[in-house]
Structures are given as C-alpha cells and as structure tokens.
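Enquirer: Take this structure, written in structure tokens, and hold onto it; I'll ask about it next.
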Amino acid sequence: MDKNSVAEILNNIAVLLELKGENAFKIRAYQSGARAVEGICDDLGDLIEAGKLTETPGIGKALGEKIATLSQTGELEYYDNLKASVPAGLIEMMEIPGLGAKKIRAVHEALGVEAIEELDRACREGEVAGLPGFGEKSQAKILLGIRNREAYGKRHLWWDANNTATPILEGLLNLPEVERAEHAGSLRRGRETVGDLDFVVASSRPAPVMDWFTGLPNVAEITAKGETKSSIRLESGMQADLRVVPGGQFHFALHHFTGSKDHNVMMRQRALQRGFSLSEWGITPVKGIADAPASMPALATEEAIFEFLGLAYIPPELREGTEELAAAESGEIPRLLEEEDLKGVFHNHTIASDGHNTLEEMVQEAEDIGWEYLGIADHSKASFQANGLDEERLAAQISEIRAINASGNFRTHLFAGVECDILPDGRLDLDGAILGELDYVVVSVHSSFQQSEEAMTARIIRAIENPRATMLGHLTGRLLLRREGYAVNVDKIIDAAAANRKVIEMNAHPVRLEMDWRHWKRAADRGVLCAINPDAHSKEGLRYARAGVLAARKGWLEKEGVLNTRSRLEVEEFFAR
DNA sequence: GCCGTTTTCGGCCCGACTGTTTTCAGTCG
C-alpha cells in the first residue's frame with residue numbers, strides 16, 4: 001500500500017476515534033501521523049525495512065507498527081474493528097458544516113439516526129431542534145449543509161482559487177477603511193489545491209469592511225459575521241474568510257492565517273521554549289518567566305517575527321511544517337526561484353497537434369511576456385487522439401520553426417522540440433533520426449496507465465536512458481481533483497534522471513503541477529535540473545508558468561536548479577551536450 | 001498516541017464565532 005493510502009487510513013482512524021469520543025490528543029496524534037506519512041520523501045517500504053520509520057517526527061512505536069502493517073499487507077485489524085463499530089453514515093455526516101463528532105454522536109444517541117437520509121428526515125420533522133444543545137437554527141443549518149454537501153466539500157485548483165481571490169483582494173484594497181490587505185492560507189502558500197480563501201485586513205474601522213465583504217454580489221450564504229472575522233460561501237461553493245485586525249497586529253494575523261497549521265504549531269512551540277506565547281494577536285511573555293522583558297518590541301513585519309525567534313525569514317511557500325524552521329535557524333533557507341527569472345519555457349503545443357494557436361501566435365505571446373525563447377513540443381504520433389505528429393509532419397514543423405527564426409519577425413527564439421510518447425515498453429514513439437534533428441525531446445507517458453509500479457518505473461527509466469531524451473514530462477500523469485497519477489517509484493526515477501543527467505519537468509498546467517513539489521528538494525540535492533513547462537495548449541496557457549514557479553518554490557528550488565532561467569545561448573549549449 | 005534543555009509522566013497552540021445558553025460547549029481554522 002502506498003503512502004497516500006496509508007495516510008488516508010490514519011486520517012480515517014482519527015475521524016472514527018472522534019466519533020467514539022476518544023481522547024483529543026490521541027486523535028491529533030493520528031492526524032499528525034497522517035501528515036507525517038504524506039511528507040515522507042523516501043520510499044515508505046525502504047524506510048520501514050531500514051527500521052527508521054519512527055525517526056520521523058510524529059510517528060512513534062504504536063503508529064509505526066500500524067503504518068508498517070498497512071504498507072506491507074494493505075490491511076489493519078485495528079482499523080477494521082474500529083470501522084465495524086461505527087455506522088458509515090456517521091462518518092459522512094462529518095462533511096456537513098457545523099456538525100462535528102460530538103453533535104453527530106448526540107443526534108445518533110438521541111434519535112438513532114445512522115445515515116444522512118435519516119438525519120435529513122429528522123431535521124425536516126423538527127426532531128433535531130428539540131434536542132439539548134440544538135435549536136431551530138442548527139436544524140436549518142444542517143439541512144442547508146446536507147443539500148450543499150457536495151459543493152461545500154470540494155477543493156479548488158490553485159489557479160481557479162487565485163482568479164476568484166484576486167478581484168476580492170483588489171476590492172478590499174480599494175476600500176478607504178483598509179490600510180493593508182493580503183490573501184493568506186493555502187493560496188498564499190501556493191498549494192496545488194485550495195480549500196477556502198483567507199483574507200487578512202488591517203483597519204481601525206472593521207464594520208464597513210465586513211459589510212462590503214458579506215455584501216459581495218456572488219455570496220450565497222453568510223456563515224459568520226463578527227467584529228474581527230466573517231465567513232461567506234460563494235455561489236461556486238467556495239468558502240472565503242476575512243479577518244480584520246488593527247494595524248499593529250496585521251503581520252501576526254497574516255502569519256497565523258497563512259499557516260500551515262503544522263508550521264504554526266512549530267512556531268508556537270519555539271516561542272514557548274523561549275518564554276513567549278505566540279498567537280494571531282501578537283507575542284507576549286509567558287507568566288512566571290523570570291527574565292521576561294518589561295516591554296515587548298514592536299514587530300512590524302513578518303521578517304521581524306521570525307527574527308525575534310532567532311529565525312531567518314521563511315517564505316510562505318515553505319511553511320508546511322517540515323524542515324523549514326531548522327533551515328531558518330541554520331541560515332539554510334534558499335533564495336527561491338522568481339517568476340522574473342524565467343527566460344522561456346519548453347513544453348507547449350500548437351494547432352499541429354491539439355493546441356489552439358499557431359506557431360506565430362504562440363511566439364508572439366512569448367515575446368509579449370518578455371521571454372527570450374519558446375520551446376514547441378507537440379504530441380507524437382502514438383497520441384493519435386491528440387493528432388500527434390509523425391516523422392514527416394514533425395520534419396515539416398522543424399523547417400517551419402527554422403524559417404520563423406530566420407525571418408527576424410520575432411525577438412523571441414523558437415526551439416524545435418517534441419513531446420514524444422513513451423511506448424508501453426519504454427521505447428520512444430519516433431525514429432532516432434528525426435529526434436536528432438530537434439533541439440530537444442520531452443518524453444511523456446500517455447497510454448497504458450494501468451501498468452504495475454514496477455513495469456511503469458522500468459518503462460520510464462528506459463526512456464530516460466535513451467540518449468535522445470532531454471527531459472521527462474508530467475511524471476505521474478495525475479489530473480488534480482480528477483484522476484490519480486499512475487503508480488511509479490519516484491525515487492528511482494529521480495536517481496535515473498540524476499545518473500543520466502536528464503531534466504525533470506515541473507509541468508505548470510494548473511491541473512498537473514508535477515513532479516510534485518514534495519520531491520523536488522531531494523531531486524535538486526542529487527543534481528537533477530528542473531524545467532518549468534506550462535504545457536500550454538493555447539497562447540493564454542503560457543501564463544500557467546506562474547503556477548509552475550510557485551510549485552517549484554514549494555519544492556525549495558533556486559534559480560540555479562532550473563534550466564529555463566538560463567539564457568538562450570546557455571540552453572543551446574545544454575541541448576548540444 | 002507522541003514526546004523530552006521541566007525527559008518515562010504529564011503535558012500536548014490558541015482564539016473567534018455561533019447557538020444555545022445565563023456561562024459555555026462545539027466547531028473551525
């Protein structure tokens with residue numbers, strides 16, 4: 001069983017324990033154990049075999065044994081017994097906003113409801129409102145939650161969330177009462193998907209700001225409205241939270257609501273070790289600490305908060321509660337890649353395969369963005385559903401690209417490439433001769449997704465070892481929120497790329513965003529170069545590069561680790577090796 | 001269930017908002 005499935009089961013156990021009314025800290029231990037498993041970069045099986053699983057913070061003896069059992073057998077008696085003791089419908093009810101484990105238990109014990117349909121009926125018949133701790137409002141809220149459960153539970157692509165958040169942030173900044181405003185949460189951290197939107201505002205007059213926010217035109221429901229916090233649900237189902245704080249607290253609030261939760265816990269623990277209590281409102285000496293200063297310094301930036309705790313500034317993208325505090329303490333926070341560092345991108349499509357724009361339209365757009373070069377990599381013939389190019393059509397496209405470059409009509413240089421299919425046995429889809437005519441070759445899997453992990457890994461490694469291959473396209477073929485990637489041993493792929501000096505792509509398309517950011521630090525440590533590639537199927541798609549930069553930043557990547565920060569000449573030299 | 005510069009027990013981040021209550025529990029992030 002793979003890491004993500006193990007983590008999911010640990011989270012399920014946490015939910016079941018909650019529903020059983022178990023100790024809250026035990027529940028938290030399972031939740032943090034799940035996050036710890038997700039965050040493991042090594043191969044889980046290898047780690048277990050080496051007996052090093054419990055060296056991971058958050059995984060002790062008991063969790064370690066359960067994780068090992070799950071990983072090796074795919075089953076866990078403890079989990080099965082737990083599941084059998086709780087009606088499945090109760091677990092589903094956890095998805096209803098405002099309903100937590102305790103209230104679900106109360107309803108279950110008082111009315112005997114075991115499924116959402118029964119809860120729905122009990123609400124409509126007014127039975128829930130009569131229970132102790134419940135009333136008319138909770139009953140109505142539960143009914144609304146049941147109706148909208150599907151839309152409310154959804155996560156959103158970072159790109160879509162950002163497009164929703166940007167006009168709201170601009171609107172906040174335009175209000176006369178607003179001194180400062182920022183978005184926070186997973187959007188600011190650049191997570192590949194975002195659950196809800198968070199905004200933090202500095203203002204001494206919160207009421208008009210709250211009124212503006214809750215009065216936005218596409219608000220479906222106001223779920224909370226107070227002096228410092230309001231929450232709304234947009235018609236799209238997306239939830240947005242707004243916090244308004246006085247100017248002096250802005251950076252504490254911004255830091256707090258940027259998270260992540262794990263990062264905040266680490267920061268607060270660090271503060272406590274030093275005799276201070278950190279919250280979204282500020283930092284104060286803990287009572288009973290003898291040498292606490294009489295007055296606290298004003299910390300007017302996020303940088304100052306980190307500095308006060310003896311840490312270098314940690315960019316939001318790195319605040320995932322992994323090793324960022326240790327790095328900030330020892331001065332090892334990288335100087336992260338910036339969008340402006342990009343001088344071009346390599347993996348893009350035109351109307352020759354399944355793109356929507358011509359070569360000229362694509363290169364014009366790249367020039368407007370300010371890029372020095374643009375790589376064209378249309379599909380190869382095995383991707384017939386995408387109108388992939390055979391040797392003959394590719395040869396014609398190469399001539400066309402050389403002619404455009406010779407014309408002098410564009411300042412941006414075109415590189416001729418291809419996105420060549422990796423056939424099920426690992427061979428490439430096109431003749432070596434035509435591949436040799438190209439500037440570079442992206443190799444990608446587009447078929448036979450059902451292969452075993454072993455077969456898929458061997459297949460991709462064979463393609464990486466092909467001397468014609470320059471870089472590996474979207475590593476697992478995942479489509480965020482739609483389709484899991486195929487099974488592949490990422491660690492072995494990274495090793496093969498390092499050994500063969502091949503580039504791995506950060507596919508910047510908002511539904512892909514892979515190789516996943518969680519693997520990049522170790523890949524870069526082993527010397528693997530990254531290419532940020534928008535996989536654009538239209539000229540607008542070139543702008544996706546921004547999402548790729550963000551994901552690369554989450555992977556701790558610096559400018560030096562990214563091929564497309566190099567000049568055209570340097571890239572030509574790299575391709576010619 | 002995890003963890004240890006208060007180290008094998010006794011803690012475990014902290015606060016806002018809601019709805020139901022008359023002082024607070026539950027939920028959420």
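Naming scheme: A, B, ... for chains in displayed order of the structure tokens; residues 1 onward per chain; ligands 1 onward as shown.
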Name the residues of range 284-349 of chain A that come out as alpha helix (DSSP H) in a backbone DSSP run; write them as a PyMOL selection string.
Expert: chain A and resi 302-308+324-329
Enquirer: Could the residues in this selection be written to a file with C-alpha atoms, as a PDB file, in the first residue's frame?
Expert:
```
ATOM      1  CA  GLU A 302       6.711  39.004   9.250  1.00  0.00           C
ATOM      2  CA  GLU A 303      10.508  39.170   8.974  1.00  0.00           C
ATOM      3  CA  ALA A 304      10.672  40.731  12.422  1.00  0.00           C
ATOM      4  CA  ILE A 305       8.561  37.950  13.938  1.00  0.00           C
ATOM      5  CA  PHE A 306      10.912  35.317  12.554  1.00  0.00           C
ATOM      6  CA  GLU A 307      13.943  37.336  13.631  1.00  0.00           C
ATOM      7  CA  PHE A 308      12.596  37.694  17.156  1.00  0.00           C
ATOM      8  CA  GLU A 324      11.756  24.998   7.379  1.00  0.00           C
ATOM      9  CA  LEU A 325      12.408  26.042  10.968  1.00  0.00           C
ATOM     10  CA  ALA A 326      15.612  24.036  11.162  1.00  0.00           C
ATOM     11  CA  ALA A 327      16.767  25.588   7.876  1.00  0.00           C
ATOM     12  CA  ALA A 328      15.829  29.089   9.028  1.00  0.00           C
ATOM     13  CA  GLU A 329      17.773  28.594  12.241  1.00  0.00           C
TER      14      GLU A 329
END
```
Enquirer: Please return, as a list of chain:residue names, all residues of range 419-526 of chain A that DSSP assigns to strand (DSSP E) on the basis of the backbone.
Expert: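 Strand (DSSP E) members of range 419-526 of chain A, listed: A:Glu419, A:Cys420, A:Asp421, A:Val442, A:Val443, A:Ser444, A:Met471, A:Leu472, A:Val503, A:Ile504, A:Glu505, A:Met506, A:Asn507.
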Enquirer: Residues of chain A within 8 Å of chain B, counting only C-alpha atoms (C1' of nucleotides) - could you list those as a PDB file with N, CA and C atoms, in the first residue's frame?
Expert:
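Saved as iface.pdb:
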```pdb
ATOM      1  N   PHE A  25      -6.141  14.244  22.149  1.00  0.00           N
ATOM      2  CA  PHE A  25      -4.716  14.273  21.799  1.00  0.00           C
ATOM      3  C   PHE A  25      -4.302  13.012  21.043  1.00  0.00           C
ATOM      4  N   LYS A  26      -5.004  11.931  21.350  1.00  0.00           N
ATOM      5  CA  LYS A  26      -4.771  10.699  20.605  1.00  0.00           C
ATOM      6  C   LYS A  26      -5.221  10.904  19.154  1.00  0.00           C
ATOM      7  N   ILE A  27      -6.371  11.573  19.013  1.00  0.00           N
ATOM      8  CA  ILE A  27      -6.888  11.868  17.671  1.00  0.00           C
ATOM      9  C   ILE A  27      -5.888  12.724  16.915  1.00  0.00           C
ATOM     10  N   ALA A  29      -2.786  12.879  17.372  1.00  0.00           N
ATOM     11  CA  ALA A  29      -1.594  12.087  17.057  1.00  0.00           C
ATOM     12  C   ALA A  29      -1.786  11.338  15.734  1.00  0.00           C
ATOM     13  N   TYR A  30      -2.998  10.804  15.509  1.00  0.00           N
ATOM     14  CA  TYR A  30      -3.255  10.108  14.241  1.00  0.00           C
ATOM     15  C   TYR A  30      -3.249  11.088  13.069  1.00  0.00           C
ATOM     16  N   GLY A  58       6.495  12.618  14.890  1.00  0.00           N
ATOM     17  CA  GLY A  58       5.055  12.370  14.845  1.00  0.00           C
ATOM     18  C   GLY A  58       4.721  10.894  14.708  1.00  0.00           C
ATOM     19  N   ILE A  59       5.719  10.072  14.391  1.00  0.00           N
ATOM     20  CA  ILE A  59       5.488   8.630  14.294  1.00  0.00           C
ATOM     21  C   ILE A  59       6.264   7.928  15.403  1.00  0.00           C
ATOM     22  N   GLY A  60       5.514   7.377  16.350  1.00  0.00           N
ATOM     23  CA  GLY A  60       6.142   6.660  17.458  1.00  0.00           C
ATOM     24  C   GLY A  60       5.992   5.165  17.270  1.00  0.00           C
ATOM     25  N   ALA A  62       3.621   2.936  18.375  1.00  0.00           N
ATOM     26  CA  ALA A  62       2.307   2.393  18.008  1.00  0.00           C
ATOM     27  C   ALA A  62       1.949   2.714  16.557  1.00  0.00           C
ATOM     28  N   LEU A  63       2.121   3.979  16.176  1.00  0.00           N
ATOM     29  CA  LEU A  63       1.805   4.356  14.799  1.00  0.00           C
ATOM     30  C   LEU A  63       2.747   3.659  13.827  1.00  0.00           C
ATOM     31  N   GLY A  98     -20.588  22.662  10.408  1.00  0.00           N
ATOM     32  CA  GLY A  98     -21.218  22.929  11.689  1.00  0.00           C
ATOM     33  C   GLY A  98     -21.483  21.667  12.494  1.00  0.00           C
ATOM     34  N   LEU A  99     -21.400  20.522  11.840  1.00  0.00           N
ATOM     35  CA  LEU A  99     -21.576  19.258  12.546  1.00  0.00           C
ATOM     36  C   LEU A  99     -20.215  18.638  12.811  1.00  0.00           C
ATOM     37  N   GLY A 100     -19.898  18.440  14.067  1.00  0.00           N
ATOM     38  CA  GLY A 100     -18.663  17.751  14.430  1.00  0.00           C
ATOM     39  C   GLY A 100     -18.992  16.430  15.093  1.00  0.00           C
ATOM     40  N   LYS A 102     -19.023  15.456  18.179  1.00  0.00           N
ATOM     41  CA  LYS A 102     -19.853  15.429  19.387  1.00  0.00           C
ATOM     42  C   LYS A 102     -21.328  15.592  19.066  1.00  0.00           C
ATOM     43  N   LYS A 103     -21.623  16.507  18.133  1.00  0.00           N
ATOM     44  CA  LYS A 103     -23.029  16.714  17.785  1.00  0.00           C
ATOM     45  C   LYS A 103     -23.582  15.495  17.036  1.00  0.00           C
ATOM     46  N   GLY A 133     -28.887  21.301  23.353  1.00  0.00           N
ATOM     47  CA  GLY A 133     -27.722  21.797  22.619  1.00  0.00           C
ATOM     48  C   GLY A 133     -28.029  22.143  21.179  1.00  0.00           C
ATOM     49  N   PHE A 134     -29.218  21.770  20.700  1.00  0.00           N
ATOM     50  CA  PHE A 134     -29.624  22.111  19.336  1.00  0.00           C
ATOM     51  C   PHE A 134     -30.808  23.063  19.394  1.00  0.00           C
ATOM     52  N   GLY A 135     -31.073  23.745  18.284  1.00  0.00           N
ATOM     53  CA  GLY A 135     -32.239  24.610  18.209  1.00  0.00           C
ATOM     54  C   GLY A 135     -32.665  24.731  16.765  1.00  0.00           C
ATOM     55  N   LYS A 137     -32.081  27.030  14.614  1.00  0.00           N
ATOM     56  CA  LYS A 137     -31.019  27.476  13.700  1.00  0.00           C
ATOM     57  C   LYS A 137     -30.070  26.345  13.333  1.00  0.00           C
ATOM     58  N   SER A 138     -29.678  25.558  14.302  1.00  0.00           N
ATOM     59  CA  SER A 138     -28.769  24.443  13.977  1.00  0.00           C
ATOM     60  C   SER A 138     -29.463  23.480  13.035  1.00  0.00           C
ATOM     61  N   ALA A 224     -20.726  33.446   8.990  1.00  0.00           N
ATOM     62  CA  ALA A 224     -20.314  34.081  10.239  1.00  0.00           C
ATOM     63  C   ALA A 224     -20.062  35.546   9.968  1.00  0.00           C
ATOM     64  N   LYS A 225     -20.383  36.378  10.932  1.00  0.00           N
ATOM     65  CA  LYS A 225     -20.075  37.806  10.797  1.00  0.00           C
ATOM     66  C   LYS A 225     -19.864  38.384  12.179  1.00  0.00           C
ATOM     67  N   GLY A 226     -18.612  38.734  12.477  1.00  0.00           N
ATOM     68  CA  GLY A 226     -18.314  39.297  13.780  1.00  0.00           C
ATOM     69  C   GLY A 226     -17.431  40.523  13.639  1.00  0.00           C
ATOM     70  N   THR A 228     -14.128  40.749  14.184  1.00  0.00           N
ATOM     71  CA  THR A 228     -12.823  40.502  13.591  1.00  0.00           C
ATOM     72  C   THR A 228     -12.870  39.455  12.505  1.00  0.00           C
ATOM     73  N   LYS A 229     -13.930  38.679  12.450  1.00  0.00           N
ATOM     74  CA  LYS A 229     -13.974  37.596  11.473  1.00  0.00           C
ATOM     75  C   LYS A 229     -15.338  37.490  10.807  1.00  0.00           C
ATOM     76  N   ASN A 264       2.573  26.631  12.200  1.00  0.00           N
ATOM     77  CA  ASN A 264       2.210  27.467  13.343  1.00  0.00           C
ATOM     78  C   ASN A 264       2.493  26.759  14.662  1.00  0.00           C
ATOM     79  N   VAL A 265       2.201  25.470  14.705  1.00  0.00           N
ATOM     80  CA  VAL A 265       2.480  24.716  15.932  1.00  0.00           C
ATOM     81  C   VAL A 265       3.974  24.765  16.235  1.00  0.00           C
ATOM     82  N   ARG A 268       4.896  28.203  17.500  1.00  0.00           N
ATOM     83  CA  ARG A 268       4.427  28.464  18.860  1.00  0.00           C
ATOM     84  C   ARG A 268       5.221  27.667  19.887  1.00  0.00           C
ATOM     85  N   GLN A 269       5.577  26.463  19.500  1.00  0.00           N
ATOM     86  CA  GLN A 269       6.409  25.673  20.411  1.00  0.00           C
ATOM     87  C   GLN A 269       7.758  26.344  20.603  1.00  0.00           C
ATOM     88  N   SER A 279       0.492  34.177  19.184  1.00  0.00           N
ATOM     89  CA  SER A 279      -0.853  33.954  18.652  1.00  0.00           C
ATOM     90  C   SER A 279      -1.060  34.899  17.475  1.00  0.00           C
TER      91      SER A 279
END
```
Enquirer: Provide the CA of Leu472 in chain A to CA of Ala396 in chain A distance in Å, to one decimal place.
Expert: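 According to the coordinates, CA of Leu472 in chain A and CA of Ala396 in chain A are separated by 24.1 Å.
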Enquirer: Would you work out the distance separating CA of Leu53 in chain A from CA of Asn4 in chain A, expressed in Å to one decimal?
Expert: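 CA of Asn4 in chain A lies 15.4 Å from CA of Leu53 in chain A.
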Enquirer: CA of Glu77 in chain A and CA of Glu454 in chain A are how many Å apart?
Expert: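 Pair CA of Glu77 in chain A / CA of Glu454 in chain A returns 27.8 Å.
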Enquirer: As a VMD selection string, please: the residues near His183 in chain A (cut-off 9 Å, only C-alpha atoms (C1' of nucleotides), same-chain neighbours under 3 positions excluded).
Expert: chain A and resid 165 to 166 169 187 to 188 197 to 201 254 257 to 258
Enquirer: Skipping near chain neighbours, those fewer than 3 positions away, what residues fall within 6 Å of Thr565 in chain A using only C-alpha atoms (C1' of nucleotides), listed as a list in words?
Expert: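 Near Thr565 in chain A, the qualifying residues are Asp341, Leu342, Lys343 and Val562 of chain A.
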Enquirer: Any chance you could export the current selection's C-alpha atoms as a PDB file, in the first residue's frame?
Expert:
```
ATOM      1  CA  ASP A 341      13.970  34.505 -13.536  1.00  0.00           C
ATOM      2  CA  LEU A 342      12.291  32.580 -16.352  1.00  0.00           C
ATOM      3  CA  LYS A 343      13.706  33.300 -19.789  1.00  0.00           C
ATOM      4  CA  VAL A 562      16.014  25.482 -13.151  1.00  0.00           C
TER       5      VAL A 562
END
```
